[in-house]
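Data block below; observations after.
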Amino acid sequence: QVQLVESGGGLVQPGESRRLSCAVPGSIFNIRAISWYRQAPGKQRELVATITVGDITTYADSVKGRFTISRDNAKNTVYLQMNSLKPEDTAIYYCYIKTWRYDYWGQGTQVTVSP
């Protein structure tokens with residue numbers, strides 16, 4: 001079973017930055033897009049950012065201008081750079097890979113934004 005591994009979560013203060021990483025296994029082929037989702041306590045999982053195979057990026061309105069999704073193909077890693085973090089960004093962040101046939105989820109990494 002293919003496992004996605006996220007890292008980089010933790011406790012940060014409001015206004016600070018954090019970078020999340022998602023290691024993409026080399027066994028996953030025909031990737032269409034890679035996304036970051038998040039789920040806050042008591043809320044539904046929401047789409048945060050997506051990068052397509054053609055490097056087109058899209059963002060949720062709530063993070064636009066603060067978060068940046070990118071990828072390093074040489075390292076098989078996708079990043080989510082989060083700047084100017086707010087308490088409402090507190091959530092478990094998940095990496096998601098969509099291929100032509102399958103979808104893959106990571107186990108999530110907790111980001112807590114608190115003074």
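Naming works like this for the structure tokens: A, B, ... for the chains as they're shown, residue 1 at the start of each chain, ligands 1 onward in shown order.
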Contacts of Pro87 (chain A) at 9 Å (only C-alpha atoms; same-chain gap of 6+ positions) as a CSV table (one decimal) with N, CA and C atoms, in the first residue's frame:
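Dumped everything to part_35.csv:
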```csv
chain,number,residue,atom,x,y,z
A,13,GLN,N,3.4,30.6,16.4
A,13,GLN,CA,2.7,31.8,16.9
A,13,GLN,C,2.0,32.5,15.7
A,14,PRO,N,1.0,33.2,15.9
A,14,PRO,CA,0.4,34.0,14.9
A,14,PRO,C,1.4,34.9,14.2
A,112,THR,N,-0.7,24.0,14.6
A,112,THR,CA,-1.5,24.7,15.6
A,112,THR,C,-0.9,26.1,15.7
A,113,VAL,N,-1.7,27.1,15.5
A,113,VAL,CA,-1.3,28.5,15.5
A,113,VAL,C,-1.9,29.1,16.8
A,114,SER,N,-1.1,29.4,17.7
A,114,SER,CA,-1.5,29.9,19.0
A,114,SER,C,-0.5,30.8,19.6
A,115,PRO,N,-0.9,31.9,20.4
A,115,PRO,CA,0.1,32.7,21.0
A,115,PRO,C,0.9,31.9,22.1
```
Quiz prompt | Nearest residue to Lys98 (chain A) from the set A:Val48, A:Ala33, A:Ile69, A:Ala60 (distances using only C-alpha atoms) | solution = A:Ala33
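CA of Met82 (chain A) lies 12.7 Å from CA of Arg38 (chain A).
Nearest to Gly65 (chain A) of all the residues A:Gln44, A:Val53, A:Phe29, A:Ser84 is A:Ser84, based on only C-alpha atoms.
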Quiz item: By how many Å are CA of Gln110 (chain A) and CA of Ile92 (chain A) apart?
Solution: 4.3 Å
Quiz item: What residues in chain A get the DSSP label strand (DSSP E or B)? Please answer as an NGL selection string.
Solution: :A and (4-7 or 10-12 or 18-23 or 31-39 or 46-52 or 57-59 or 67-72 or 77-82 or 91-99 or 103-106 or 109-113)
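With only C-alpha atoms as the basis for measurement, A:Leu47 is the residue among A:Leu47, A:Ala91, A:Val2, A:Ala74 that approaches Ile34 (chain A) most closely.
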Self-check item: Long-range neighbours of Leu20 (chain A) as a list in words, 6 Å cut-off, only C-alpha atoms, 2 positions minimum in chain
Solution: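 Neighbouring residues, sequence-local ones excluded: Ser7, Gly8, Tyr79 and Leu80 of chain A.
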Self-check item: Interatomic distance, CA of Gln39 (chain A) to CA of Ser17 (chain A) (Å, one decimal)
Solution: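 CA of Ser17 (chain A) lies at a distance of 18.8 Å from CA of Gln39 (chain A).
Closest to Ile51 (chain A) among A:Val63, A:Leu85, A:Cys95, A:Ile28 is A:Cys95, based on only C-alpha atoms.
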Quiz item: Quick one: of A:Ile31, A:Pro41, A:Asn83, A:Trp36, who's nearest to Arg101 (chain A), counting only C-alpha atoms?
Solution: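 Result for the nearest residue to Arg101 (chain A): A:Ile31.
Proximity to Arg18 (chain A) was assessed for A:Thr77, A:Thr52, A:Thr90, A:Thr99 counting only C-alpha atoms; the smallest distance is recorded for A:Thr90.
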